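What follows is work-v7.csv (CSV, C-alpha atoms and all ligand atoms).
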chain,number,residue,atom,x,y,z
A,30,MET,CA,29.6,29.3,-21.5
A,31,THR,CA,26.8,27.5,-23.4
A,32,ARG,CA,25.7,23.8,-23.4
A,33,GLU,CA,22.9,22.2,-25.4
A,34,TYR,CA,21.1,19.0,-24.5
A,35,ARG,CA,18.4,17.1,-26.4
A,36,PHE,CA,16.0,14.7,-24.8
A,37,THR,CA,13.2,12.5,-26.0
A,38,PHE,CA,10.3,12.3,-23.6
A,39,GLY,CA,7.9,9.8,-25.2
A,40,GLN,CA,6.7,11.5,-28.4
A,41,PHE,CA,8.2,14.9,-27.4
A,42,LEU,CA,11.6,16.3,-28.2
A,43,SER,CA,13.0,18.9,-25.7
A,44,GLN,CA,16.1,20.9,-26.3
A,45,VAL,CA,17.8,22.6,-23.4
A,46,HIS,CA,20.0,25.7,-23.8
A,47,LEU,CA,22.1,26.3,-20.7
A,48,GLN,CA,23.7,29.6,-21.2
A,49,LYS,CA,24.7,32.9,-19.6
A,50,LYS,CA,22.5,35.3,-21.5
A,51,ILE,CA,18.8,35.7,-21.6
A,52,PRO,CA,17.7,34.8,-25.2
A,53,PRO,CA,16.0,37.5,-27.3
A,54,ALA,CA,12.6,36.7,-28.8
A,55,ASP,CA,13.9,36.6,-32.4
A,56,ALA,CA,16.3,33.8,-31.4
A,57,ILE,CA,13.4,31.9,-29.7
A,58,LEU,CA,11.1,32.4,-32.8
A,59,ARG,CA,13.9,31.0,-35.0
A,60,HIS,CA,14.6,28.0,-32.8
A,61,THR,CA,10.9,27.1,-32.6
A,62,ASN,CA,10.2,27.7,-36.3
A,63,THR,CA,7.6,30.3,-35.5
A,64,VAL,CA,7.0,32.3,-38.6
A,65,SER,CA,6.2,35.6,-37.0
A,66,ALA,CA,6.0,37.3,-33.7
A,67,SER,CA,2.2,37.6,-34.1
A,68,ARG,CA,2.0,33.9,-33.7
A,69,SER,CA,3.3,33.9,-30.1
A,70,ILE,CA,2.5,35.2,-26.6
A,71,LEU,CA,4.8,35.8,-23.6
A,72,VAL,CA,3.6,34.6,-20.2
A,73,CYS,CA,5.3,36.1,-17.1
A,74,ASP,CA,4.4,37.3,-13.6
A,75,THR,CA,4.9,40.7,-12.0
A,76,HIS,CA,8.4,39.6,-10.8
A,77,THR,CA,9.6,38.6,-14.3
A,78,ARG,CA,7.8,41.2,-16.3
A,79,ALA,CA,11.0,43.3,-16.9
A,80,ILE,CA,12.8,40.1,-18.2
A,81,ALA,CA,9.9,39.3,-20.5
A,82,LEU,CA,9.9,42.9,-21.8
A,83,GLY,CA,13.7,42.6,-22.5
A,84,ILE,CA,13.1,39.3,-24.4
A,85,ARG,CA,10.3,40.9,-26.4
A,86,GLY,CA,12.4,43.9,-27.5
A,87,ASN,CA,10.5,45.8,-30.2
A,88,LEU,CA,8.6,42.8,-31.5
A,89,ASP,CA,4.8,42.9,-31.3
A,90,ILE,CA,4.2,40.0,-28.9
A,91,PRO,CA,1.2,40.1,-26.5
A,92,LEU,CA,2.3,39.9,-22.8
A,93,CYS,CA,0.3,38.0,-20.2
A,94,VAL,CA,1.4,39.2,-16.7
A,95,LEU,CA,0.2,36.9,-13.9
A,96,SER,CA,0.0,37.6,-10.2
A,97,PRO,CA,3.1,35.9,-8.6
A,98,GLY,CA,3.3,33.0,-6.3
A,99,GLU,CA,1.7,29.6,-5.4
A,100,THR,CA,-1.5,31.3,-4.2
A,101,ALA,CA,-2.1,32.6,-7.7
A,102,LYS,CA,-1.6,29.1,-9.3
A,103,GLY,CA,-5.2,28.5,-10.1
A,104,TRP,CA,-7.7,28.3,-12.9
A,105,PRO,CA,-8.1,32.1,-13.2
A,106,ALA,CA,-4.4,32.3,-14.2
A,107,VAL,CA,-4.9,29.6,-16.8
A,108,GLU,CA,-8.0,31.5,-18.1
A,109,GLN,CA,-5.9,34.7,-18.3
A,110,ILE,CA,-3.3,32.9,-20.4
A,111,LEU,CA,-5.8,31.3,-22.7
A,112,THR,CA,-7.6,34.6,-23.2
A,113,THR,CA,-4.3,36.3,-24.1
A,114,ALA,CA,-3.7,33.6,-26.7
A,115,LYS,CA,-7.2,33.8,-28.2
A,116,GLU,CA,-7.2,37.6,-28.3
A,117,GLY,CA,-3.7,37.6,-29.8
A,118,GLY,CA,-5.1,35.5,-32.7
A,119,LEU,CA,-2.9,32.4,-32.1
A,120,GLY,CA,-3.7,29.2,-33.9
A,121,ARG,CA,-2.5,25.7,-33.4
A,122,ASP,CA,0.9,26.7,-34.8
A,123,GLY,CA,1.1,29.4,-32.0
A,124,LEU,CA,3.9,29.6,-29.5
A,125,PHE,CA,3.6,30.2,-25.7
A,126,ILE,CA,6.9,31.6,-24.2
A,127,ALA,CA,6.9,31.2,-20.4
A,128,VAL,CA,9.3,33.5,-18.6
A,129,GLY,CA,9.6,32.7,-14.9
A,130,GLY,CA,10.0,30.1,-12.2
A,131,GLY,CA,8.0,26.9,-11.7
A,132,VAL,CA,4.6,28.5,-11.1
A,133,VAL,CA,4.7,30.5,-14.3
A,134,SER,CA,6.1,27.6,-16.4
A,135,ASP,CA,3.6,25.1,-15.0
A,136,LEU,CA,0.7,27.4,-15.8
A,137,ALA,CA,1.9,28.4,-19.2
A,138,ALA,CA,2.8,24.8,-20.1
A,139,PHE,CA,-0.7,23.7,-19.0
A,140,GLY,CA,-2.2,26.4,-21.2
A,141,ALA,CA,-0.1,25.4,-24.1
A,142,SER,CA,-1.1,21.8,-23.7
A,143,VAL,CA,-4.8,22.5,-24.0
A,144,PHE,CA,-5.0,25.6,-26.3
A,145,MET,CA,-6.4,24.3,-29.5
A,146,ARG,CA,-5.6,20.8,-28.3
A,147,GLY,CA,-1.9,21.7,-28.0
A,148,CYS,CA,0.4,24.4,-29.4
A,149,LYS,CA,4.1,25.1,-29.2
A,150,LEU,CA,5.8,25.8,-25.9
A,151,CYS,CA,9.1,27.1,-24.8
A,152,ILE,CA,10.3,28.0,-21.3
A,153,VAL,CA,12.8,30.7,-20.2
A,154,SER,CA,13.5,29.6,-16.6
A,155,THR,CA,14.4,32.4,-14.3
A,156,THR,CA,14.8,30.7,-10.9
A,157,LEU,CA,17.2,28.1,-9.6
A,158,LEU,CA,14.3,25.8,-8.7
A,159,GLY,CA,13.0,26.1,-12.3
A,160,MET,CA,16.5,25.4,-13.7
A,161,ALA,CA,17.1,22.5,-11.3
A,162,ASP,CA,13.7,20.9,-11.7
A,163,ALA,CA,10.5,22.5,-12.9
A,164,ALA,CA,11.3,23.5,-16.4
A,165,LEU,CA,12.5,20.1,-17.6
A,166,GLY,CA,10.4,17.0,-18.0
A,167,GLY,CA,6.9,18.2,-19.0
A,168,LYS,CA,4.9,18.3,-15.8
A,169,THR,CA,2.3,21.1,-16.1
A,170,GLY,CA,-0.6,22.0,-13.9
A,171,PHE,CA,-2.4,24.3,-11.5
A,172,ASP,CA,-3.8,24.0,-8.0
A,173,LEU,CA,-7.5,23.3,-7.3
A,174,LEU,CA,-9.5,22.7,-4.1
A,175,GLY,CA,-6.4,23.7,-2.1
A,176,ILE,CA,-4.5,20.8,-3.6
A,177,LYS,CA,-1.2,21.5,-5.3
A,178,ASN,CA,-1.1,20.5,-9.0
A,179,LEU,CA,-4.4,18.6,-8.8
A,180,VAL,CA,-5.0,19.3,-12.5
A,181,GLY,CA,-2.2,18.9,-15.0
A,182,THR,CA,-0.8,17.2,-18.1
A,183,PHE,CA,2.5,15.9,-19.3
A,184,TYR,CA,3.6,18.4,-22.0
A,185,PRO,CA,7.3,18.9,-22.4
A,186,ALA,CA,8.5,22.2,-23.8
A,187,GLY,CA,10.2,22.0,-27.2
A,188,HIS,CA,12.9,24.5,-26.1
A,189,ILE,CA,14.0,25.3,-22.5
A,190,TYR,CA,16.4,28.2,-21.9
A,191,LEU,CA,18.3,28.3,-18.6
A,192,PRO,CA,20.0,31.7,-18.6
A,193,LEU,CA,22.3,32.1,-15.6
A,194,GLU,CA,22.2,35.9,-15.7
A,195,THR,CA,18.6,35.8,-14.4
A,196,LEU,CA,19.9,34.4,-11.1
A,197,THR,CA,21.9,37.5,-10.3
A,198,THR,CA,18.8,39.2,-9.1
A,199,LEU,CA,17.1,36.2,-7.5
A,200,PRO,CA,16.0,36.7,-3.9
A,201,ARG,CA,17.9,34.7,-1.2
A,202,ARG,CA,14.8,32.7,-0.4
A,203,GLU,CA,14.5,31.6,-4.0
A,204,TRP,CA,18.2,30.5,-4.0
A,205,LYS,CA,17.5,28.4,-1.0
A,206,SER,CA,14.5,26.8,-2.6
A,207,GLY,CA,16.4,25.8,-5.7
A,208,MET,CA,19.5,24.6,-4.0
A,209,ALA,CA,17.6,21.8,-2.2
A,210,GLU,CA,16.5,20.3,-5.6
A,211,LEU,CA,20.1,20.4,-6.8
A,212,ILE,CA,21.1,18.5,-3.6
A,213,LYS,CA,18.3,16.0,-4.2
A,214,THR,CA,19.4,15.4,-7.8
A,215,ALA,CA,23.1,15.0,-6.7
A,216,LEU,CA,22.0,12.3,-4.3
A,217,LEU,CA,20.4,10.3,-7.1
A,218,ASP,CA,23.7,10.1,-8.9
A,219,ASP,CA,27.1,9.2,-7.6
A,220,GLY,CA,29.0,11.6,-9.8
A,221,GLU,CA,30.8,14.8,-9.0
A,222,MET,CA,27.7,16.8,-8.0
A,223,VAL,CA,28.0,15.8,-4.3
A,224,ASN,CA,31.6,16.8,-4.1
A,225,THR,CA,31.0,20.1,-5.8
A,226,LEU,CA,28.1,20.8,-3.4
A,227,LYS,CA,30.3,19.9,-0.4
A,228,ASN,CA,32.7,22.7,-1.3
A,229,LEU,CA,29.9,25.3,-1.8
A,230,GLY,CA,27.9,25.0,1.4
A,231,ASP,CA,30.0,27.5,3.4
A,232,GLU,CA,30.1,29.9,0.6
A,233,PHE,CA,26.4,29.7,0.2
A,234,LEU,CA,25.9,30.6,3.9
A,235,ARG,CA,28.0,33.7,3.3
A,236,GLY,CA,25.8,34.8,0.4
A,237,ASP,CA,24.6,33.9,-3.1
A,238,LEU,CA,26.9,32.0,-5.4
A,239,LEU,CA,26.9,34.5,-8.3
A,240,PRO,CA,29.0,36.0,-9.6
A,241,LYS,CA,32.0,34.4,-7.8
A,242,TYR,CA,31.0,30.8,-8.2
A,243,GLU,CA,29.6,30.9,-11.7
A,244,GLU,CA,31.6,27.9,-12.9
A,245,PRO,CA,30.7,25.4,-10.2
A,246,LEU,CA,27.1,26.6,-10.4
A,247,PHE,CA,27.0,26.2,-14.1
A,248,ALA,CA,28.5,22.7,-13.7
A,249,LEU,CA,25.9,21.8,-11.1
A,250,ILE,CA,23.0,22.9,-13.2
A,251,ALA,CA,24.5,21.1,-16.3
A,252,ALA,CA,24.8,17.8,-14.3
A,253,SER,CA,21.3,18.2,-12.9
A,254,VAL,CA,19.8,18.7,-16.4
A,255,LYS,CA,21.7,15.5,-17.6
A,256,ILE,CA,20.6,13.4,-14.6
A,257,LYS,CA,17.0,14.5,-14.6
A,258,GLY,CA,16.7,14.3,-18.4
A,259,ARG,CA,18.0,10.7,-18.3
A,260,ILE,CA,15.6,9.7,-15.6
A,261,VAL,CA,12.6,11.3,-17.4
A,262,GLU,CA,13.5,9.7,-20.7
A,263,ALA,CA,13.3,6.3,-19.0
A,264,ASP,CA,9.9,7.0,-17.6
A,265,PRO,CA,8.3,10.1,-19.1
A,266,GLN,CA,4.9,9.8,-17.5
A,267,GLU,CA,6.0,8.2,-14.2
A,268,THR,CA,4.3,4.9,-14.9
A,269,GLY,CA,7.2,3.0,-13.5
A,270,THR,CA,9.5,3.8,-10.6
A,271,ASP,CA,12.2,5.6,-12.5
A,272,ARG,CA,10.7,9.1,-12.5
A,273,ALA,CA,9.3,8.5,-9.0
A,274,LEU,CA,13.0,8.7,-7.9
A,275,LEU,CA,12.9,12.4,-8.5
A,276,ASN,CA,10.5,12.5,-5.5
A,277,LEU,CA,13.4,11.7,-3.1
A,278,GLY,CA,12.5,13.6,0.1
A,279,HIS,CA,9.3,14.8,-1.4
A,280,THR,CA,6.7,12.7,0.4
A,281,PHE,CA,7.9,14.3,3.7
A,282,ALA,CA,8.3,17.7,2.0
A,283,HIS,CA,4.7,17.8,0.7
A,284,ALA,CA,3.3,16.9,4.1
A,285,LEU,CA,5.5,19.5,5.8
A,286,GLU,CA,4.5,22.3,3.3
A,287,SER,CA,0.9,21.4,3.9
A,288,SER,CA,1.0,21.2,7.7
A,289,ALA,CA,3.1,24.4,8.0
A,290,GLY,CA,0.5,26.2,5.8
A,291,LEU,CA,1.0,27.2,2.2
A,292,GLY,CA,3.7,29.8,1.8
A,293,ASN,CA,5.2,29.5,5.3
A,294,LEU,CA,8.1,27.4,4.0
A,295,SER,CA,9.7,27.4,0.6
A,296,HIS,CA,9.4,24.2,-1.4
A,297,GLY,CA,13.2,23.8,-1.2
A,298,GLU,CA,13.3,24.2,2.6
A,299,ALA,CA,10.7,21.4,2.9
A,300,VAL,CA,12.6,19.2,0.4
A,301,ALA,CA,15.8,19.7,2.3
A,302,TRP,CA,14.1,18.6,5.6
A,303,GLY,CA,12.5,15.7,3.7
A,304,LEU,CA,15.9,14.5,2.4
A,305,VAL,CA,17.2,14.2,6.0
A,306,ARG,CA,14.0,12.3,7.1
A,307,SER,CA,14.4,9.9,4.1
A,308,GLY,CA,18.0,9.1,5.1
A,309,GLU,CA,16.9,8.5,8.7
A,310,LEU,CA,13.9,6.3,7.7
A,311,GLY,CA,16.1,4.5,5.2
A,312,HIS,CA,18.7,3.8,7.9
A,313,HIS,CA,16.0,2.6,10.3
A,314,LEU,CA,14.8,0.2,7.6
A,315,GLY,CA,18.3,-1.1,6.8
A,316,ILE,CA,18.2,0.5,3.3
A,317,THR,CA,20.5,3.5,3.8
A,318,PRO,CA,23.9,2.9,5.2
A,319,ARG,CA,24.6,4.9,8.3
A,320,GLU,CA,27.5,6.9,6.8
A,321,ARG,CA,25.3,7.9,3.8
A,322,ALA,CA,22.4,9.1,6.0
A,323,VAL,CA,25.0,11.1,8.1
A,324,GLU,CA,26.5,12.5,4.9
A,325,ILE,CA,23.0,13.6,3.7
A,326,THR,CA,22.3,15.3,7.0
A,327,GLY,CA,25.7,17.1,6.9
A,328,LEU,CA,25.3,18.2,3.3
A,329,VAL,CA,21.8,19.6,4.0
A,330,ARG,CA,22.9,21.3,7.2
A,331,SER,CA,25.9,22.9,5.4
A,332,PHE,CA,23.5,25.0,3.3
A,333,GLY,CA,21.8,26.3,6.4
A,334,TYR,CA,18.5,24.3,6.1
A,335,GLU,CA,16.5,23.3,9.2
A,336,ILE,CA,17.2,19.6,9.8
A,337,ALA,CA,15.5,19.0,13.2
A,338,ALA,CA,12.6,16.7,13.7
A,339,PRO,CA,9.9,17.8,14.4
A,340,HIS,CA,10.3,20.8,12.2
A,341,PRO,CA,9.8,24.0,14.2
A,342,LYS,CA,7.2,25.3,11.6
A,343,MET,CA,5.4,21.9,11.3
A,344,GLY,CA,2.4,23.0,13.3
A,345,ASP,CA,0.2,20.2,14.6
A,346,LYS,CA,1.9,16.8,14.2
A,347,LYS,CA,-1.5,15.2,13.6
A,348,ASN,CA,-2.0,17.5,10.6
A,349,PHE,CA,1.4,16.5,9.3
A,350,MET,CA,0.6,12.8,9.6
A,351,THR,CA,-2.8,13.3,7.9
A,352,ALA,CA,-1.1,15.2,5.1
A,353,LEU,CA,1.5,12.5,4.8
A,354,ARG,CA,-1.1,9.8,4.4
A,355,GLY,CA,-3.0,11.9,1.8
A,356,ASP,CA,0.1,12.5,-0.3
A,357,LYS,CA,-0.9,12.5,-4.0
A,358,LYS,CA,1.9,10.0,-4.8
A,359,GLN,CA,-0.4,7.3,-3.4
A,360,LYS,CA,-0.8,4.5,-5.9
A,361,ALA,CA,-3.4,1.8,-5.4
A,362,GLY,CA,-3.9,3.2,-1.9
A,363,LYS,CA,-0.2,2.9,-1.1
A,364,LEU,CA,2.0,5.6,0.0
A,365,ARG,CA,5.5,5.7,-1.6
A,366,PHE,CA,8.7,6.8,-0.1
A,367,VAL,CA,11.9,7.3,-2.0
A,368,LEU,CA,14.8,6.4,0.2
A,369,PRO,CA,18.5,6.7,-0.3
A,370,ALA,CA,20.3,3.4,-0.9
A,371,SER,CA,24.1,2.7,-0.8
A,372,ARG,CA,24.0,4.2,-4.4
A,373,GLY,CA,21.1,6.2,-5.7
A,374,ALA,CA,17.7,5.7,-4.2
A,375,LEU,CA,14.9,3.1,-4.0
A,376,VAL,CA,11.1,3.4,-4.0
A,377,VAL,CA,9.6,1.8,-0.9
A,378,GLU,CA,5.8,1.3,-0.3
A,379,ASP,CA,4.3,1.9,3.1
A,380,ASP,CA,3.2,-1.7,3.7
A,381,LEU,CA,6.9,-2.3,4.5
A,382,ILE,CA,6.8,0.5,7.1
A,383,GLU,CA,5.1,0.2,10.5
A,384,PRO,CA,3.0,3.3,11.1
A,385,ARG,CA,4.7,3.7,14.5
A,386,SER,CA,8.1,4.2,12.8
A,387,LEU,CA,6.8,7.3,11.0
A,388,VAL,CA,5.7,8.7,14.4
A,389,SER,CA,9.1,8.0,15.9
A,390,LEU,CA,10.8,9.5,12.8
A,391,ILE,CA,8.8,12.7,13.1
A,392,ASN,CA,9.6,12.9,16.8
A,393,GLY,CA,13.3,12.9,16.1
A,394,GLU,CA,13.9,9.4,17.6
A,395,TYR,CA,15.9,8.3,14.5
A,396,ALA,CA,18.1,11.3,14.4
A,397,LEU,CA,21.7,10.3,13.8
A,398,CYS,CA,24.8,11.8,15.4
A,399,TYR,CA,26.8,13.8,13.0
B,1,LIG,N1,9.6,17.3,-10.0
B,1,LIG,C1,9.6,15.9,-10.2
B,1,LIG,C2,9.4,15.5,-11.6
B,1,LIG,O1,9.6,16.3,-12.5
B,1,LIG,O2,9.1,14.4,-11.9
What would the structure in this file look like if it were written as structure tokens?
Amino acid sequence: MTREYRFTFGQFLSQVHLQKKIPPADAILRHTNTVSASRSILVCDTHTRAIALGIRGNLDIPLCVLSPGETAKGWPAVEQILTTAKEGGLGRDGLFIAVGGGVVSDLAAFGASVFMRGCKLCIVSTTLLGMADAALGGKTGFDLLGIKNLVGTFYPAGHIYLPLETLTTLPRREWKSGMAELIKTALLDDGEMVNTLKNLGDEFLRGDLLPKYEEPLFALIAASVKIKGRIVEADPQETGTDRALLNLGHTFAHALESSAGLGNLSHGEAVAWGLVRSGELGHHLGITPRERAVEITGLVRSFGYEIAAPHPKMGDKKNFMTALRGDKKQKAGKLRFVLPASRGALVVEDDLIEPRSLVSLINGEYALCY
């Protein structure tokens, strides 16, 4: 059970290894043409330390262990990574090996992009969210002034490993976070992903999908890698609208995460809720056919996500609306929504949307029967 994919993101080449087993460091060093273990560092957090130690084996690779979670995704973590690289004696031909989910990979990738003006990077993704989204496509960064990913670069990893066996110990909440990104990607494509997902919702409610549903999960991650890879190849730095499609549901999700308070909802729970709102707003604007909006709501609900508007954890609706208007996806002062169309999705700017409609949407006035 192994698949390999190669993508070209601008001047960068990324090779994805979707496989069952966690790769040992000697294989990583070979793939990345890194002459010796002393030219590399491993970056993990306290949750992925054991996996990183397993990867290292008996090689002499310095380990940088970060505090876990979004609240630790700041400059001090970047400094810790850069210090480990400097003390480890790495040069420009050095290799950063990130072992973890989106927070660890974003931080390590940022560090790799600036260390000596850029050194080698590979990511061993250990969460469903990382495999479905964060590890691929080169977005790096850290939070500053309370704003998520305020500082960052585009710096795709040369090699990305997605070892399914790391998911066997993934906490339930992390499963739920990643599944929403898989649903999002499925909605951007009209392939088999939606059908596969429709058959998995009930199973997911009964428990995690591994080990029993390894094959469909493998197929879903493989499809997601192909779809996201294709989209990012077309628009690596999100200068057009192609890559912005990956933000389906995210304008609402970011505002919800912010108004609920950092850490009160997982990213995926917010994305799932945002997908439902996108379908309802799209339907209201005549962009999303009714049956598609209903299908999206049904699919999201079948995985046990909260779909109601307003969201019970939203907090003050005024804060939500303020966060919505302040979303970082603003371009030239405009707010962008990605809304499902009959096939795929479309980017719509807010001058086509009456401010009142957003209030009605959040109050649940556009909820559809399903
Ligand atoms: N997570 C959205 C992107 O990679 O563009």
(request) Could you pull out the residues sitting within 12 Å of ligand LIG 1 (chain B), using only C-alpha atoms and all ligand atoms, and write them as JSON, numbers by chain? (result) {"A": [38, 131, 135, 158, 159, 160, 161, 162, 163, 164, 165, 166, 167, 168, 169, 170, 178, 182, 183, 184, 185, 207, 210, 211, 213, 214, 253, 254, 256, 257, 258, 259, 260, 261, 262, 263, 264, 265, 266, 267, 268, 269, 270, 271, 272, 273, 274, 275, 276, 277, 278, 279, 280, 283, 296, 297, 300, 358]}
(request) Write out as JSON, numbers by chain the residues lying within 9 Å of A:Phe144, counting only C-alpha atoms and excluding same-chain residues fewer than 6 positions away. (result) {"A": [111, 114, 115, 120, 121]}
(message) I need the residue nearest A:Val128 from this list: A:Val329, A:Leu234, A:Ile152, A:Val376. Use all atoms listed in the file for the distance.
(response) A:Ile152
(message) With distances taken over only C-alpha atoms, which residue among A:Pro192, A:Gly140, A:Gly118, A:Pro91 lies nearest A:Thr156?
(response)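 Answer, going by the shortest atom-to-atom distance: A:Pro192.
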(request) For stretch 124-126 of chain A, please output as a ChimeraX atom specification all residues within 8 Å (counting only C-alpha atoms; exclusion window: fewer than 2 positions along the same chain). (result) /A:63,68-72,119,122,128,137-138,141,148-153
Can you write just those residues out, C-alpha atoms, as a short mmCIF file (atom, residue, chain, number, x, y, z; two decimals), in the frame of the given file?
data_model
loop_
_atom_site.label_atom_id
_atom_site.label_comp_id
_atom_site.auth_asym_id
_atom_site.auth_seq_id
_atom_site.Cartn_x
_atom_site.Cartn_y
_atom_site.Cartn_z
CA THR A 63 7.60 30.30 -35.50
CA ARG A 68 2.00 33.90 -33.70
CA SER A 69 3.30 33.90 -30.10
CA ILE A 70 2.50 35.20 -26.60
CA LEU A 71 4.80 35.80 -23.60
CA VAL A 72 3.60 34.60 -20.20
CA LEU A 119 -2.90 32.40 -32.10
CA ASP A 122 0.90 26.70 -34.80
CA VAL A 128 9.30 33.50 -18.60
CA ALA A 137 1.90 28.40 -19.20
CA ALA A 138 2.80 24.80 -20.10
CA ALA A 141 -0.10 25.40 -24.10
CA CYS A 148 0.40 24.40 -29.40
CA LYS A 149 4.10 25.10 -29.20
CA LEU A 150 5.80 25.80 -25.90
CA CYS A 151 9.10 27.10 -24.80
CA ILE A 152 10.30 28.00 -21.30
CA VAL A 153 12.80 30.70 -20.20
#
(message) I need the residue nearest A:Cys398 from this list: A:Ile110, A:Ala337, A:Leu88, A:Leu285. Use all atoms listed in the file for the distance.
(response)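 Closest to A:Cys398, using all atoms listed in the file: A:Ala337.
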(request) Could you tell me how far atom CA of A:Asn348 lies from atom CA of A:Ser287, in Å and to one decimal? (result)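 Taking atom CA of A:Asn348 as the start and atom CA of A:Ser287 as the end point, the length is 8.3 Å.
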(message) Within 7 Å of (12.6, 38.3, -25.2) (file coordinates; all atoms listed in the file), which protein or nucleic acid residues are there? I'd like them as a list in words.
(response) Pro52, Pro53, Ala54, Ala81, Leu82, Gly83, Ile84, Arg85 and Gly86 of chain A
(request) Could you check which of A:Pro200, A:Pro369, A:Gly355, A:Pro240 is closest to A:Gly303, using only C-alpha atoms? (result)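 Closest candidate: A:Pro369.
Picture a line from atom CA of A:Tyr34 to atom CA of A:Val180; it runs 28.7 Å.
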Please give the centre and size of the box around stretch 143-158 of chain A (axis-aligned, containing every atom listed in the file, 3 Å added per side), with values in Å to one decimal and written as lines of an AutoDock Vina configuration file.
center_x = 5.4
center_y = 26.6
center_z = -19.1
size_x = 29.6
size_y = 17.6
size_z = 26.8
(request) Fewer than 2 positions away in the same chain doesn't count, so skip those; otherwise give me all residues within 6 Å of A:Glu194, counting all atoms listed in the file, as a PyMOL selection string. (result) chain A and resi 49-50+192+196-197
